[in-house]
Amino acid sequence: MGQTPDAVKTKGFFLFNLIFSGAVAGFGLALFIISCSTGVPAKSSVLAEERSSQASSGVFALQDSFRSVTKATLPSVVSVKVKQKVEIQSRSNPFGEEFPWEFFFGPQQNRPNPQSPKRNSPQNPQVPQQTPAPQERIEEGLGSGFVVRRDGNTVYVLTNYHVAGEADDILLLFKDDREFKAKLVGGDPRKDLALVSFETGDKDIQPITLGNSDELEVGDIVLAMGNPLGFEFSVTQGIVSALGRQSGPDGNISSFIQTDASINRGNSGGPLLNLKGEVIGINTWIASPDGASVGLGFSVPINNAKKAISDFISQGKVSYGWLGVSIGNLDRELAKEMGLENQKGAFVFHLFRNSPADKGGINPGDFITSLNGSPVRDYNDLTQRVGDLPAGQAAEFELIRNGKKMSLKVAIEERQRETEISSQSNLLWPGLTVTPLTEEIRKSIKVGTQVQGLVIANIVEGGASEIAGLRQGDVLTQINGQNIRTLGDFYRQISQTRGELKLSFHRQGVDLSIGIIR
């Protein structure tokens, strides 16, 4: 289960430190007693020294590298302390206003009788109903960040959106105990990034060099810096365990660097560095069964953040390119059905009518394999790369349609806000996905072998197909009088027809038909 190592509650932290310090002191005393009471043969000491001398050229050189990176970069890492006002809606008593008094003690003199007319009833209209007022609470949290840019006296610090993107008060603490009040410059939940800034004349506060995350390889040594569980300015070491991990929390569109460097709550927003002292990632979330680090940490590649930093500074938000398609990956069976086995790319399930994709000639059922001459790995790869395209730029897409390769040029537009896009689900075409009618599905929906077609696997909520009355589980048998037996049949028919489509389908033993205008 993905969990973000974000805000760490500070309540009771002093008591924890006191107990922890006592435990450490006791452990140190125990070690001292053991070392004083255990004899070590002289011969063993000589062998240890010999081995140490042989290993020094490698191990101590690596240690010196860790020290050098830490000394150069840790002064530019910050502890991000935030406060956020949260409204909590007061809840009325689900058992009624008389509970528990009348329930246990009977009607009370100074309380309304439960048998009397209720408030706001026709018999007692003069008593206004009182809605509990929402209560306001201040939540405190802790994360990490690092200096990425300086413009005169303005210093910019990068962190995660889930750390500071919605904070009302932001305080930055440096390792030398300098503190600065910061303000939000811009935030983006899709990439889970936020940029904050503060003013200072202190010239020694400088940015960390940003590296090139595309040069990373599995096995590279990395250092993670931050404030895990409130232990400020901690440094942990590990390797790059994997690259291109997907499916982060809260709909994050980034691919991720996986590392076994210890990352915990409070590390969010801190840098992941290579041995050159360059930032190659932003520590963002962990996978854990209980919230503690188990060696599965994930960082946003720094190359995914470079454009965002500039966008935040220039316009306060991230500008995304928009193609206007709903895309995904095909599982092995559907890829075989479509003749796309062993092909890498992104499958177009739906498109928005009058979108750049629609205007440029892309159809549902197309399989996009390349963008501007560079192969597309999967739908996440295409989503990120289209998002990085500037509005107004013509992009070239190579795709496979009905088994044939073709190329199209599409003028990219600027992506609207997520809420605006979600409100346009009625423009998605075709607004449904279908899958082959297997024997297992036949048994599940109780359809005999005399019915041939494709079963509707999903309906887009608010889309044209749902509005027209189609349902999940309907068996689509014909489009415009043409039999539909394969996915190729389906996408060919819905793509080549403009205007009204007549859909014939089978539901609960009844054959039906409807018309939908594209």
# chains A, B, ... in the order shown; residues from 1 in each chain; ligands from 1

$ residues_around --residues "Asn329 of chain A" --least-positions-apart "3" --cutoff "7 Å" --atoms "only C-alpha atoms" --output "list in words"
Ala346, Phe347, Asp378 and Tyr379 of chain A

$ residues_around --residues "segment 497-512 of chain A" --least-positions-apart "2" --cutoff "12 Å" --atoms "only C-alpha atoms" --output "VMD selection string"
chain A and resid 353 358 363 429 to 430 442 445 to 448 450 to 456 464 to 465 468 to 484 490 to 495 514 to 518

$ write_last_selection --atoms "N, CA and C atoms" --output "compact mmCIF listing (two decimals), in the first residue's frame"
# COMPACT_ATOMS: atom_id res chain seq x y z
N ARG A 353 -14.49 14.87 -27.92
CA ARG A 353 -14.92 15.48 -29.17
C ARG A 353 -14.44 16.93 -29.25
N ASP A 358 -9.07 14.73 -31.74
CA ASP A 358 -10.20 14.60 -32.65
C ASP A 358 -9.97 15.42 -33.92
N ASN A 363 -8.23 8.34 -33.62
CA ASN A 363 -9.49 7.67 -33.35
C ASN A 363 -9.39 6.75 -32.14
N TRP A 429 -15.86 10.16 -26.29
CA TRP A 429 -16.38 9.25 -27.30
C TRP A 429 -15.46 8.02 -27.42
N PRO A 430 -16.02 6.79 -27.37
CA PRO A 430 -17.44 6.44 -27.36
C PRO A 430 -18.06 6.40 -25.97
N ARG A 442 -20.09 -15.34 -20.18
CA ARG A 442 -21.44 -15.81 -20.53
C ARG A 442 -22.15 -16.38 -19.30
N ILE A 445 -23.10 -13.47 -16.79
CA ILE A 445 -24.24 -12.60 -17.13
C ILE A 445 -25.42 -13.40 -17.69
N LYS A 446 -25.28 -14.74 -17.70
CA LYS A 446 -26.36 -15.65 -18.10
C LYS A 446 -26.81 -15.39 -19.54
N VAL A 447 -25.87 -15.48 -20.47
CA VAL A 447 -26.15 -15.30 -21.89
C VAL A 447 -25.79 -16.58 -22.62
N GLY A 448 -26.70 -17.07 -23.43
CA GLY A 448 -26.47 -18.30 -24.18
C GLY A 448 -25.59 -18.10 -25.38
N GLN A 450 -26.33 -18.52 -28.39
CA GLN A 450 -27.00 -17.96 -29.56
C GLN A 450 -26.78 -16.46 -29.69
N VAL A 451 -26.32 -15.81 -28.61
CA VAL A 451 -26.03 -14.38 -28.63
C VAL A 451 -24.54 -14.20 -28.93
N GLN A 452 -24.23 -13.46 -29.98
CA GLN A 452 -22.85 -13.23 -30.39
C GLN A 452 -22.56 -11.73 -30.38
N GLY A 453 -21.40 -11.35 -29.84
CA GLY A 453 -21.04 -9.94 -29.81
C GLY A 453 -19.94 -9.67 -28.80
N LEU A 454 -19.90 -8.45 -28.31
CA LEU A 454 -18.94 -8.02 -27.30
C LEU A 454 -19.70 -7.50 -26.09
N VAL A 455 -19.19 -7.81 -24.91
CA VAL A 455 -19.86 -7.35 -23.70
C VAL A 455 -19.31 -5.99 -23.28
N ILE A 456 -20.20 -5.11 -22.84
CA ILE A 456 -19.78 -3.79 -22.37
C ILE A 456 -19.17 -3.95 -20.98
N ALA A 464 -21.88 9.96 -23.16
CA ALA A 464 -23.01 9.83 -24.07
C ALA A 464 -23.64 8.45 -24.00
N SER A 465 -22.83 7.40 -23.86
CA SER A 465 -23.37 6.04 -23.83
C SER A 465 -24.22 5.80 -22.58
N ALA A 468 -27.47 7.69 -22.99
CA ALA A 468 -28.35 7.01 -23.94
C ALA A 468 -29.02 5.78 -23.34
N GLY A 469 -28.48 5.26 -22.22
CA GLY A 469 -29.12 4.14 -21.55
C GLY A 469 -28.37 2.83 -21.59
N LEU A 470 -27.18 2.80 -22.19
CA LEU A 470 -26.40 1.56 -22.18
C LEU A 470 -25.90 1.26 -20.78
N ARG A 471 -25.73 -0.03 -20.49
CA ARG A 471 -25.31 -0.46 -19.16
C ARG A 471 -24.14 -1.45 -19.25
N GLN A 472 -23.39 -1.49 -18.16
CA GLN A 472 -22.35 -2.52 -18.04
C GLN A 472 -23.02 -3.89 -18.06
N GLY A 473 -22.49 -4.82 -18.88
CA GLY A 473 -23.08 -6.15 -18.98
C GLY A 473 -23.95 -6.33 -20.20
N ASP A 474 -24.34 -5.23 -20.86
CA ASP A 474 -25.06 -5.36 -22.13
C ASP A 474 -24.14 -6.00 -23.17
N VAL A 475 -24.72 -6.81 -24.06
CA VAL A 475 -23.94 -7.43 -25.12
C VAL A 475 -24.21 -6.69 -26.42
N LEU A 476 -23.19 -6.01 -26.94
CA LEU A 476 -23.30 -5.25 -28.17
C LEU A 476 -23.19 -6.21 -29.35
N THR A 477 -24.23 -6.24 -30.20
CA THR A 477 -24.26 -7.22 -31.28
C THR A 477 -24.05 -6.60 -32.66
N GLN A 478 -24.52 -5.35 -32.87
CA GLN A 478 -24.38 -4.72 -34.17
C GLN A 478 -24.19 -3.21 -34.03
N ILE A 479 -23.48 -2.63 -34.99
CA ILE A 479 -23.40 -1.17 -35.13
C ILE A 479 -23.76 -0.84 -36.58
N ASN A 480 -24.82 -0.05 -36.73
CA ASN A 480 -25.30 0.32 -38.06
C ASN A 480 -25.55 -0.90 -38.94
N GLY A 481 -26.10 -1.95 -38.32
CA GLY A 481 -26.46 -3.16 -39.05
C GLY A 481 -25.31 -4.10 -39.32
N GLN A 482 -24.09 -3.74 -38.92
CA GLN A 482 -22.92 -4.59 -39.12
C GLN A 482 -22.64 -5.40 -37.86
N ASN A 483 -22.45 -6.71 -38.02
CA ASN A 483 -22.18 -7.57 -36.88
C ASN A 483 -20.87 -7.16 -36.20
N ILE A 484 -20.88 -7.20 -34.88
CA ILE A 484 -19.70 -6.87 -34.08
C ILE A 484 -19.27 -8.13 -33.35
N PHE A 490 -15.49 -3.40 -33.62
CA PHE A 490 -16.08 -2.32 -32.82
C PHE A 490 -15.41 -0.98 -33.11
N TYR A 491 -14.09 -0.93 -33.00
CA TYR A 491 -13.41 0.35 -33.18
C TYR A 491 -13.46 0.83 -34.64
N ARG A 492 -13.51 -0.10 -35.57
CA ARG A 492 -13.61 0.30 -36.97
C ARG A 492 -14.95 0.99 -37.23
N GLN A 493 -16.02 0.45 -36.68
CA GLN A 493 -17.36 1.01 -36.92
C GLN A 493 -17.56 2.36 -36.23
N ILE A 494 -17.10 2.48 -34.97
CA ILE A 494 -17.35 3.75 -34.27
C ILE A 494 -16.45 4.86 -34.77
N SER A 495 -15.35 4.50 -35.45
CA SER A 495 -14.41 5.52 -35.93
C SER A 495 -14.76 6.03 -37.33
N ILE A 514 -30.47 1.49 -29.79
CA ILE A 514 -30.54 2.93 -29.53
C ILE A 514 -29.69 3.65 -30.57
N GLY A 515 -29.91 4.95 -30.68
CA GLY A 515 -29.10 5.76 -31.58
C GLY A 515 -28.31 6.79 -30.79
N ILE A 516 -27.03 6.95 -31.12
CA ILE A 516 -26.16 7.94 -30.49
C ILE A 516 -25.51 8.77 -31.59
N ILE A 517 -25.55 10.08 -31.43
CA ILE A 517 -24.92 10.96 -32.41
C ILE A 517 -23.54 11.34 -31.92
N ARG A 518 -22.55 11.10 -32.77
CA ARG A 518 -21.19 11.44 -32.40
C ARG A 518 -20.98 12.95 -32.54

$ select_by_dssp --residues "segment 191-381 of chain A" --states "strand (DSSP E)" --output "NGL selection string"
:A and (193-199 or 221-226 or 234-245 or 256-259 or 271-273 or 279-287 or 297-301 or 321-322 or 325-328 or 346-352 or 367-371 or 374-375)

$ write_last_selection --atoms "C-alpha atoms" --output "PDB file, in the first residue's frame"
ATOM      1  CA  LEU A 193       5.488  19.288  -6.390  1.00  0.00           C
ATOM      2  CA  ALA A 194       5.429  22.674  -4.663  1.00  0.00           C
ATOM      3  CA  LEU A 195       7.801  25.626  -4.786  1.00  0.00           C
ATOM      4  CA  VAL A 196       8.127  28.071  -1.872  1.00  0.00           C
ATOM      5  CA  SER A 197      10.291  31.167  -1.527  1.00  0.00           C
ATOM      6  CA  PHE A 198      11.757  33.495   1.073  1.00  0.00           C
ATOM      7  CA  GLU A 199      13.887  36.642   1.124  1.00  0.00           C
ATOM      8  CA  ILE A 221      24.639   4.577  -5.168  1.00  0.00           C
ATOM      9  CA  VAL A 222      22.365   7.344  -3.850  1.00  0.00           C
ATOM     10  CA  LEU A 223      21.957   9.393  -0.671  1.00  0.00           C
ATOM     11  CA  ALA A 224      18.593  10.484   0.745  1.00  0.00           C
ATOM     12  CA  MET A 225      18.417  13.595   2.923  1.00  0.00           C
ATOM     13  CA  GLY A 226      15.609  14.970   5.035  1.00  0.00           C
ATOM     14  CA  SER A 234      19.396  12.865   8.449  1.00  0.00           C
ATOM     15  CA  VAL A 235      21.347  11.189   5.651  1.00  0.00           C
ATOM     16  CA  THR A 236      20.732   7.598   4.521  1.00  0.00           C
ATOM     17  CA  GLN A 237      22.453   5.612   1.799  1.00  0.00           C
ATOM     18  CA  GLY A 238      21.253   3.020  -0.671  1.00  0.00           C
ATOM     19  CA  ILE A 239      21.119   2.193  -4.339  1.00  0.00           C
ATOM     20  CA  VAL A 240      18.746   2.742  -7.237  1.00  0.00           C
ATOM     21  CA  SER A 241      16.634  -0.405  -7.010  1.00  0.00           C
ATOM     22  CA  ALA A 242      14.540   0.199 -10.135  1.00  0.00           C
ATOM     23  CA  LEU A 243      13.582   2.908 -12.614  1.00  0.00           C
ATOM     24  CA  GLY A 244      10.276   3.884 -14.212  1.00  0.00           C
ATOM     25  CA  ARG A 245       8.024   2.697 -11.389  1.00  0.00           C
ATOM     26  CA  PHE A 256       9.473   7.024 -10.044  1.00  0.00           C
ATOM     27  CA  ILE A 257      12.980   6.101  -8.992  1.00  0.00           C
ATOM     28  CA  GLN A 258      12.817   3.193  -6.546  1.00  0.00           C
ATOM     29  CA  THR A 259      15.505   3.136  -3.858  1.00  0.00           C
ATOM     30  CA  PRO A 271      16.599  15.380  -2.169  1.00  0.00           C
ATOM     31  CA  LEU A 272      17.909  12.096  -3.510  1.00  0.00           C
ATOM     32  CA  LEU A 273      21.505  12.669  -4.624  1.00  0.00           C
ATOM     33  CA  VAL A 279      19.955  16.070  -7.031  1.00  0.00           C
ATOM     34  CA  ILE A 280      18.509  13.303  -9.167  1.00  0.00           C
ATOM     35  CA  GLY A 281      15.173  12.866  -7.366  1.00  0.00           C
ATOM     36  CA  ILE A 282      12.648  14.257  -4.875  1.00  0.00           C
ATOM     37  CA  ASN A 283      11.737  11.747  -2.153  1.00  0.00           C
ATOM     38  CA  THR A 284       7.957  11.435  -2.273  1.00  0.00           C
ATOM     39  CA  TRP A 285       6.376   8.215  -0.975  1.00  0.00           C
ATOM     40  CA  ILE A 286       7.008   4.749   0.392  1.00  0.00           C
ATOM     41  CA  ALA A 287       5.353   1.363   0.028  1.00  0.00           C
ATOM     42  CA  GLY A 297      11.119   4.332  -1.266  1.00  0.00           C
ATOM     43  CA  PHE A 298      10.088   6.274  -4.365  1.00  0.00           C
ATOM     44  CA  SER A 299      11.369   9.591  -5.715  1.00  0.00           C
ATOM     45  CA  VAL A 300      10.172  11.857  -8.510  1.00  0.00           C
ATOM     46  CA  PRO A 301      13.009  12.095 -11.093  1.00  0.00           C
ATOM     47  CA  GLY A 321       0.051  20.171 -23.044  1.00  0.00           C
ATOM     48  CA  TRP A 322      -3.275  18.490 -23.854  1.00  0.00           C
ATOM     49  CA  VAL A 325      -7.551  11.301 -25.190  1.00  0.00           C
ATOM     50  CA  SER A 326      -8.228   8.683 -22.536  1.00  0.00           C
ATOM     51  CA  ILE A 327      -5.430   6.140 -22.857  1.00  0.00           C
ATOM     52  CA  GLY A 328      -4.204   3.000 -21.138  1.00  0.00           C
ATOM     53  CA  ALA A 346      -0.503   3.515 -25.484  1.00  0.00           C
ATOM     54  CA  PHE A 347      -4.007   2.441 -26.504  1.00  0.00           C
ATOM     55  CA  VAL A 348      -6.659   5.113 -27.145  1.00  0.00           C
ATOM     56  CA  PHE A 349      -9.896   4.037 -25.432  1.00  0.00           C
ATOM     57  CA  HIS A 350     -11.763   7.354 -25.735  1.00  0.00           C
ATOM     58  CA  LEU A 351     -11.226  10.848 -27.043  1.00  0.00           C
ATOM     59  CA  PHE A 352     -12.845  14.182 -26.295  1.00  0.00           C
ATOM     60  CA  PHE A 367      -2.328   2.395 -30.697  1.00  0.00           C
ATOM     61  CA  ILE A 368       0.239   5.210 -30.354  1.00  0.00           C
ATOM     62  CA  THR A 369       3.800   3.933 -30.669  1.00  0.00           C
ATOM     63  CA  SER A 370       5.905   7.089 -31.101  1.00  0.00           C
ATOM     64  CA  LEU A 371       5.863  10.803 -30.262  1.00  0.00           C
ATOM     65  CA  SER A 374      10.852   8.792 -29.922  1.00  0.00           C
ATOM     66  CA  PRO A 375       9.241   5.442 -28.982  1.00  0.00           C
TER      67      PRO A 375
END

$ atom_distance --atom1 "atom CA of Ile263 of chain A" --atom2 "atom CA of Lys306 of chain A"
22.6 Å

$ select_by_dssp --residues "segment 289-410 of chain A" --states "helix (DSSP H, G or I)" --output "PyMOL selection string"
chain A and resi 303-315+332-337+356-360+379-387

$ closest_residue --among "A:Gly365, A:Pro249, A:Gly152, A:Pro189" --to "Arg417 of chain A" --atoms "only C-alpha atoms"
A:Pro189

$ atom_distance --atom1 "atom CA of Thr200 of chain A" --atom2 "atom CA of Leu171 of chain A"
13.8 Å

$ closest_residue --among "A:Ser355, A:Thr209, A:Ser262, A:Thr159" --to "Asn274 of chain A" --atoms "only C-alpha atoms"
A:Thr209

$ atom_distance --atom1 "atom CA of Ser423 of chain A" --atom2 "atom CA of Gly463 of chain A"
10.2 Å

$ closest_residue --among "A:Leu216, A:Ile421, A:Ala335, A:Leu158" --to "Phe312 of chain A" --atoms "only C-alpha atoms"
A:Leu158
